[in-house]
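entry26.cif (mmCIF, C-alpha atoms) appears below.
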data_input
#
loop_
_atom_site.group_PDB
_atom_site.id
_atom_site.type_symbol
_atom_site.label_atom_id
_atom_site.label_comp_id
_atom_site.auth_asym_id
_atom_site.auth_seq_id
_atom_site.Cartn_x
_atom_site.Cartn_y
_atom_site.Cartn_z
ATOM 1 C CA MET M 74 -6.544 1.739 9.275
ATOM 2 C CA TYR M 75 -5.569 3.245 5.986
ATOM 3 C CA THR M 76 -1.898 3.737 5.273
ATOM 4 C CA ARG M 77 -1.649 6.223 2.468
ATOM 5 C CA GLY M 78 1.302 5.621 0.188
ATOM 6 C CA TYR M 79 4.440 7.644 0.292
ATOM 7 C CA ASN M 80 4.326 10.495 -2.180
ATOM 8 C CA ASN M 81 7.403 11.972 -3.754
ATOM 9 C CA LEU M 82 6.970 15.706 -4.067
ATOM 10 C CA SER M 83 9.202 17.818 -6.284
ATOM 11 C CA SER M 84 10.416 21.159 -5.039
ATOM 12 C CA TYR M 85 12.356 24.078 -6.348
ATOM 13 C CA ALA M 86 13.892 24.645 -2.905
ATOM 14 C CA GLU M 87 17.602 24.140 -2.330
ATOM 15 C CA VAL M 88 18.991 20.624 -1.871
ATOM 16 C CA ASN M 89 21.733 20.227 0.736
ATOM 17 C CA GLU M 90 23.271 17.256 2.578
ATOM 18 C CA GLU M 91 21.513 17.940 5.895
ATOM 19 C CA GLY M 92 18.080 18.741 4.491
ATOM 20 C CA LEU M 93 14.999 16.685 3.773
ATOM 21 C CA LEU M 94 15.049 17.645 0.095
ATOM 22 C CA GLN M 95 17.290 15.195 -1.719
ATOM 23 C CA LEU M 96 17.763 14.256 -5.345
ATOM 24 C CA GLY M 97 15.975 11.018 -6.200
ATOM 25 C CA TYR M 98 13.483 9.423 -8.564
ATOM 26 C CA SER M 99 11.090 12.033 -9.916
ATOM 27 C CA LYS M 100 7.583 11.144 -11.091
ATOM 28 C CA ASP M 101 7.668 14.559 -12.754
ATOM 29 C CA HIS M 102 10.694 13.416 -14.796
ATOM 30 C CA ARG M 103 12.733 16.163 -13.139
ATOM 31 C CA PRO M 104 15.753 14.465 -11.504
ATOM 32 C CA ASP M 105 17.274 17.925 -11.024
ATOM 33 C CA LEU M 106 14.666 18.844 -8.377
ATOM 34 C CA GLY M 107 14.796 17.917 -4.696
ATOM 35 C CA GLN M 108 12.413 15.168 -3.572
ATOM 36 C CA LEU M 109 10.481 14.862 -0.325
ATOM 37 C CA LYS M 110 8.355 11.946 0.935
ATOM 38 C CA VAL M 111 5.227 12.487 3.009
ATOM 39 C CA ALA M 112 3.461 9.499 4.591
ATOM 40 C CA LEU M 113 0.051 9.522 6.216
ATOM 41 C CA ALA M 114 -1.734 6.823 8.187
ATOM 42 C CA SER M 115 -5.373 7.611 8.886
ATOM 43 C CA LEU M 116 -8.448 5.975 10.354
ATOM 44 C CA ASP M 117 -11.012 4.917 7.797
ATOM 45 C CA PRO M 118 -13.773 6.025 7.185
ATOM 46 C CA LEU M 119 -13.100 9.171 9.241
ATOM 47 C CA GLY M 120 -9.932 10.124 7.423
ATOM 48 C CA MET M 121 -8.545 11.183 10.799
ATOM 49 C CA PRO M 122 -4.712 11.234 10.744
ATOM 50 C CA VAL M 123 -3.064 8.862 13.204
ATOM 51 C CA ALA M 124 0.559 9.270 12.148
ATOM 52 C CA THR M 125 2.498 11.312 9.639
ATOM 53 C CA GLU M 126 6.067 11.054 8.557
ATOM 54 C CA VAL M 127 8.188 13.421 6.475
ATOM 55 C CA LEU M 128 11.280 11.833 4.936
ATOM 56 C CA SER M 129 14.002 12.748 2.511
ATOM 57 C CA GLY M 130 13.229 11.780 -1.046
ATOM 58 C CA GLU M 131 16.271 9.892 -2.262
ATOM 59 C CA LYS M 132 15.426 6.448 -0.831
ATOM 60 C CA ALA M 133 13.117 3.684 -1.989
ATOM 61 C CA ASP M 134 9.536 3.727 -0.668
ATOM 62 C CA ASP M 135 9.059 0.135 0.490
ATOM 63 C CA PRO M 136 11.340 0.102 3.596
ATOM 64 C CA VAL M 137 9.723 3.184 5.119
ATOM 65 C CA TYR M 138 6.300 1.591 5.756
ATOM 66 C CA LEU M 139 7.308 -0.466 8.799
ATOM 67 C CA PRO M 140 8.346 2.483 11.023
ATOM 68 C CA ILE M 141 5.033 4.316 10.548
ATOM 69 C CA ILE M 142 3.079 1.063 10.998
ATOM 70 C CA ALA M 143 4.966 0.530 14.281
ATOM 71 C CA ARG M 144 4.010 4.051 15.401
ATOM 72 C CA VAL M 145 0.347 3.375 14.572
ATOM 73 C CA ARG M 146 0.412 0.071 16.452
ATOM 74 C CA GLU M 147 2.067 1.702 19.481
ATOM 75 C CA GLY M 148 -0.309 4.662 19.465
ATOM 76 C CA LEU M 149 -3.508 2.636 19.136
ATOM 77 C CA GLY M 150 -2.382 -0.344 21.224
ATOM 78 C CA GLU M 151 -4.478 -2.668 19.060
ATOM 79 C CA LYS M 152 -3.880 -5.814 17.035
ATOM 80 C CA GLY M 153 -5.921 -7.032 14.118
ATOM 81 C CA LEU M 154 -5.796 -3.730 12.216
ATOM 82 C CA LEU M 155 -6.256 -3.659 8.461
ATOM 83 C CA TYR M 156 -3.639 -1.717 6.511
ATOM 84 C CA VAL M 157 -4.411 -0.665 2.937
ATOM 85 C CA GLY M 158 -1.555 0.447 0.735
ATOM 86 C CA ASP M 159 -0.025 0.512 -2.705
ATOM 87 C CA CYS M 160 2.245 -2.092 -4.295
ATOM 88 C CA LYS M 161 5.278 -0.702 -2.450
ATOM 89 C CA MET M 162 3.624 -1.691 0.833
ATOM 90 C CA ALA M 163 3.427 -5.226 -0.625
ATOM 91 C CA ALA M 164 7.141 -5.802 -0.026
ATOM 92 C CA LEU M 165 7.595 -9.260 1.481
ATOM 93 C CA GLN M 166 9.142 -7.963 4.718
ATOM 94 C CA THR M 167 6.246 -5.549 5.273
ATOM 95 C CA ARG M 168 3.584 -8.199 4.616
ATOM 96 C CA ALA M 169 5.383 -10.777 6.777
ATOM 97 C CA THR M 170 5.699 -8.303 9.655
ATOM 98 C CA LEU M 171 2.011 -7.385 9.472
ATOM 99 C CA GLN M 172 0.998 -11.037 9.496
ATOM 100 C CA PHE M 173 3.411 -11.843 12.347
ATOM 101 C CA GLN M 174 1.926 -8.967 14.381
ATOM 102 C CA SER M 175 -1.621 -10.387 13.855
ATOM 103 C CA ASP M 176 -2.582 -7.522 11.555
ATOM 104 C CA PHE M 177 -4.036 -7.664 8.048
ATOM 105 C CA TYR M 178 -3.258 -5.953 4.763
ATOM 106 C CA VAL M 179 -4.761 -5.257 1.375
ATOM 107 C CA CYS M 180 -2.428 -4.185 -1.392
ATOM 108 C CA PRO M 181 -1.742 -5.117 -4.979
ATOM 109 C CA LEU M 182 1.297 -7.223 -5.729
ATOM 110 C CA SER M 183 3.619 -5.792 -8.342
ATOM 111 C CA SER M 184 4.320 -7.564 -11.617
ATOM 112 C CA VAL M 185 7.759 -8.419 -10.201
ATOM 113 C CA GLN M 186 6.111 -10.341 -7.344
ATOM 114 C CA VAL M 187 3.435 -11.962 -9.516
ATOM 115 C CA PRO M 188 4.252 -11.913 -13.235
ATOM 116 C CA PHE M 189 1.278 -11.504 -15.580
ATOM 117 C CA ASP M 190 1.434 -15.087 -16.912
ATOM 118 C CA GLN M 191 1.425 -16.502 -13.351
ATOM 119 C CA LEU M 192 -1.530 -14.291 -12.426
ATOM 120 C CA GLN M 193 -3.389 -15.418 -15.549
ATOM 121 C CA ARG M 194 -2.737 -19.111 -14.712
ATOM 122 C CA GLU M 195 -4.057 -18.620 -11.156
ATOM 123 C CA ILE M 196 -7.187 -16.839 -12.400
ATOM 124 C CA ASP M 197 -7.784 -19.576 -14.987
ATOM 125 C CA GLU M 198 -7.444 -22.185 -12.207
ATOM 126 C CA LEU M 199 -10.010 -20.374 -10.050
ATOM 127 C CA ARG M 200 -12.417 -20.179 -12.991
ATOM 128 C CA LYS M 201 -12.027 -23.929 -13.705
ATOM 129 C CA LYS M 202 -12.924 -24.660 -10.069
ATOM 130 C CA ASP M 203 -16.032 -22.460 -10.390
ATOM 131 C CA THR M 204 -14.720 -20.279 -7.575
ATOM 132 C CA PRO M 205 -17.333 -17.591 -6.969
ATOM 133 C CA VAL M 206 -16.503 -14.042 -7.968
ATOM 134 C CA LYS M 207 -16.668 -11.620 -5.050
ATOM 135 C CA ASN M 208 -18.130 -8.157 -5.410
ATOM 136 C CA VAL M 209 -16.288 -5.226 -3.868
ATOM 137 C CA GLU M 210 -18.955 -2.794 -2.776
ATOM 138 C CA ARG M 211 -19.242 0.632 -1.264
ATOM 139 C CA VAL M 212 -22.167 2.559 0.120
ATOM 140 C CA ASN M 213 -23.001 5.799 -1.684
ATOM 141 C CA ASP M 214 -24.454 9.008 -0.228
ATOM 142 C CA LYS M 215 -27.987 7.577 -0.508
ATOM 143 C CA ASN M 216 -26.964 4.553 1.598
ATOM 144 C CA GLU M 217 -27.179 2.283 -1.472
ATOM 145 C CA ARG M 218 -24.661 -0.495 -2.028
ATOM 146 C CA MET M 219 -22.750 -0.170 -5.288
ATOM 147 C CA CYS M 220 -20.448 -2.757 -6.865
ATOM 148 C CA ILE M 221 -17.176 -0.995 -7.707
ATOM 149 C CA ALA M 222 -15.054 -4.042 -8.619
ATOM 150 C CA GLN M 223 -15.112 -7.806 -8.822
ATOM 151 C CA GLY M 224 -12.439 -10.337 -8.032
ATOM 152 C CA TYR M 225 -11.478 -13.480 -6.224
ATOM 153 C CA ALA M 226 -10.780 -13.683 -2.505
ATOM 154 C CA HIS M 227 -7.355 -15.215 -2.021
ATOM 155 C CA THR M 228 -5.354 -15.855 1.123
ATOM 156 C CA SER M 229 -1.596 -15.560 0.676
ATOM 157 C CA ARG M 230 0.496 -18.663 0.725
ATOM 158 C CA ALA M 231 3.752 -18.757 2.632
ATOM 159 C CA ASP M 232 5.732 -18.740 -0.639
ATOM 160 C CA CYS M 233 4.141 -15.526 -2.022
#
Exercise: express the given structure as structure tokens:
Amino acid sequence: MYTRGYNNLSSYAEVNEEGLLQLGYSKDHRPDLGQLKVALASLDPLGMPVATEVLSGEKADDPVYLPIIARVREGLGEKGLLYVGDCKMAALQTRATLQFQSDFYVCPLSSVQVPFDQLQREIDELRKKDTPVKNVERVNDKNERMCIAQGYAHTSRADC
């Protein structure tokens, strides 16, 4: 399961109290334009949409993941799904809910959740222990495995 991040879209359409277009943070640096959020959860590798959500754009992104995840879970009736998202999906409540529901997630933690110096200390610790580096691979069009990244496998601790 791939949960695509919420995208803020700017619009020149009219903003009104009842509408979906609301003033909010603008990645375009245009706070005068109405914002709209569009969320998409799709099956990987098919890219087949499972759930979509259209939301007003004035609210933070992180609390809106759980409702669409609940819709996916209800629609598929499965546990043990893997959700992939951006750092806003890494909010503690979202990760705790996924783990409690016997699902899995992959998402980067923000620098607020893991400051750079803490991350560097943890990486240094793994290197001292000779922890093996894991390759992240994908299969190309010729059915060849390609290394696209390297890193350490790490299971979250309860205090993360």
Problem - Target residues per the PyMOL selection byres ((chain M and resi 128) around 7), formatted as a ChimeraX atom specification - result: /M:93,109-111,126-127,129-130
What are the centre and the three edge lengths of an axis-aligned box that wraps all atoms of region 207-221 of chain M in the file, given that 3 Å is added to every side, written as lines of an AutoDock Vina configuration file and rounded to one decimal in Å?
center_x = -22.1
center_y = -1.3
center_z = -3.1
size_x = 17.7
size_y = 26.6
size_z = 15.3
Practice task
Could you please determine the separation between CA of Leu106 (chain M) and CA of Leu139 (chain M) in Å, to one decimal place?
Solution key: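 We find that CA of Leu106 (chain M) and CA of Leu139 (chain M) lie 26.9 Å from each other.
With distances restricted to all atoms listed in the file, M:Arg168 is the closest residue to Pro136 (chain M) from M:Lys207, M:Arg168, M:Arg200, M:Lys215.
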Practice task
Would you translate the PyMOL selection byres ((chain M and resi 150-156) around 10) into the concrete set of residues it matches in this file, as a list in words?
Solution key: Met74, Tyr75, Thr76, Arg77, Ala114, Ser115, Leu116, Asp117, Ile142, Arg144, Val145, Arg146, Glu147, Gly148, Leu149, Val157, Gly158, Met162, Arg168, Leu171, Gln172, Gln174, Ser175, Asp176, Phe177, Tyr178, Val179 and Cys180 of chain M
